[in-house]
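Working notes, structure below.
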Amino acid sequence: VRTKLPGDALWNPQAHMPTAQAKRLVLTGGEGAWLESSTGQWLLDATASLWHANIGHGRARLADAAHHQMRKLETYHTFGRFANEPALHLADRLAAMGPVPGAKVMLTSGGSDSVDLACKLARRHWQLEGRPEKTTILSRVGAYHGLHAFGTSVAGLQYNRDGYGTSSLVPETARVATNDIAAVRRSVTEIGPENIAAIIAEPVIGTGGVIGPAEGYLQGLQDLCRSHDILFIADEVITGFGRTGHLFASHRWDIQPDMVTMAKGLTSGYAPLGGVLVSPRISERFFEGADAPIFRHGLTYSGHATACAIALANLDVIDEEGLVEEAGRLEDVLAKAVEPLRDHELVEEVRSGAGFMAGVHLHEGVNGDAIAEACTDAGVLIRVIHDNTLQICPPFVTTDAEVKLIAGTITQALDAYQY
Ligand code: PMP
């Protein structure tokens, strides 16, 4: 059986992927904020693929970095006594950039990996502290933290958590209120802080609908954690590396989490790579007490040399082109562009102003998928996320005119919509 090529008369892109993930378009190329489909159409990528193509598509420099590293040493694992150069350089750089003082960097293969590792680190920390009852991981209503065992269990979106036989895949998780610190305090008292290992929170909820933090909320979470010996995990898989106009959202909202999970923007999607910035008091003890401590954690591809070389080139591009500042500037451009949608009769709420991202929450009963389809027809790729919300999260190289084009295309699709 030979692989069919786009354009082959008999090629059926539905044939061998799950039916629920029906393919509408096959993308074959990309340049900046634009993507080319197999039919030769160019479309504006208004979601940076899955919140991650931050520096834009088609960057020869990252391809060159990958080529160069692969010709030298494609990879060597980093979890034992040996390592590779790009992984060590990347760890140095991330530790210096991040909001965790003296951070150790544990590299992974993506966001879900990073969340699972952070939750394990948190639980083990309290076991080693002689407080074995501190196991519960709190997350927030509406949160998305990936789909591995811990991520699935701490999901704040019911449909990610349900249906696997027990109330949660991993025992002892609970959800607290988003943006209501008094309610969180009450939940913590009810559960008993002596039972809580950590709170995990996305500074800006992404997949749950693009929901920024209420004034003082993240600070409030941090204070609550500090006063009750609860570890604070910031899930910066989306917000890390510039999305909020700061290197990390933790900088913008002035928090110092014990751990920060990263992925996506770390390589802008040019390689699957993630990591956790870990306070050294947690990371060093994690390996204590086993006969062969280094085997306690380590993934084949954590610290993959080629992925790390790509990440370093990505960070160079972000730095040299001032893309963090540019994302901060574009946040305002986007907020202005979507402002008129607040008055649209099909729109429930427009969420903007917490980074270069926005959510357009449609009224119940409006078919969001039909709106997304109409936008695709008009050449703008958007996505529908939780609760009938249109996701806007473009690459940082999007121009002001293109941002306006995204808002304009959504407006036209809404105007043309028929119930
Ligand atoms: N955490 C957050 C906040 C995310 O948005 C995502 C991915 N959308 C993940 C974790 C999981 O990352 P991945 O898909 O790379 O496993």
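All residue names refer to the structure tokens as shown: chains lettered A, B, ... in order, residues numbered from 1 in each chain, ligands numbered from 1 in order.
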
Site check for ligand 1: residues at most 8 Å away, only C-alpha atoms and all ligand atoms, as an NGL selection string: :A and (50-51 or 109-115 or 143-148 or 151 or 202 or 205-207 or 235-239 or 261-264 or 272-274)

Determine, for each residue of region 202-268 of chain A having at least one atom at most 7 Å from an atom of region 327-337 of chain A, the closest pair of atoms and their separation in Å to one decimal, counting only C-alpha atoms; order by chain and ascending number, as JSON lines.
{"residue": "A:Gly242", "atom": "CA", "partner": "A:Ala327", "partner_atom": "CA", "distance": 6.5}
{"residue": "A:Arg243", "atom": "CA", "partner": "A:Ala327", "partner_atom": "CA", "distance": 6.2}
{"residue": "A:Thr244", "atom": "CA", "partner": "A:Gly328", "partner_atom": "CA", "distance": 6.3}
{"residue": "A:Gly245", "atom": "CA", "partner": "A:Gly328", "partner_atom": "CA", "distance": 3.7}

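Taking only C-alpha atoms into account, His68 (chain A) lies nearest to A:Ala307 out of the set A:Ile282, A:Ala307, A:Leu341, A:Asn195.
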
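For the residues A:Lys404, A:His77, A:Arg175, A:His125, ranking by smallest atom-to-atom distance to Leu107 (chain A) using only C-alpha atoms places A:His77 first.
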
In region 162-204 of chain A, DSSP strand (DSSP E) residues written as a ChimeraX atom specification: /A:173-176,196-201

Selected residue of minimal separation from Asn179 (chain A) among A:Phe287, A:Tyr217, A:Phe356, A:Phe295, counting only C-alpha atoms: A:Tyr217

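Closest to Gly80 (chain A) among A:Pro293, A:Gly192, A:Pro340, A:Ala197 is A:Pro293, based on only C-alpha atoms.
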
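Closest to Ile200 (chain A) among A:Ser153, A:Thr411, A:Thr389, A:Gln418 is A:Ser153, based on only C-alpha atoms.
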
Within 10 Å of His246 (chain A) using only C-alpha atoms, minus same-chain residues under 6 positions, as a ChimeraX atom specification: /A:239-240,252-253,323-328,355

Restricted to C-alpha atoms, what would the selected residues look like written as a CSV table (one decimal), in the first residue's frame?
chain,number,residue,atom,x,y,z
A,239,THR,CA,1.0,31.4,28.7
A,240,GLY,CA,4.8,30.6,28.8
A,252,ARG,CA,2.9,39.6,34.7
A,253,TRP,CA,0.8,38.8,37.7
A,323,LEU,CA,8.3,39.0,20.2
A,324,VAL,CA,7.4,39.1,23.9
A,325,GLU,CA,6.9,42.9,23.7
A,326,GLU,CA,5.2,42.5,20.3
A,327,ALA,CA,2.7,40.0,21.9
A,328,GLY,CA,2.0,42.6,24.6
A,355,GLY,CA,-2.5,38.4,26.7
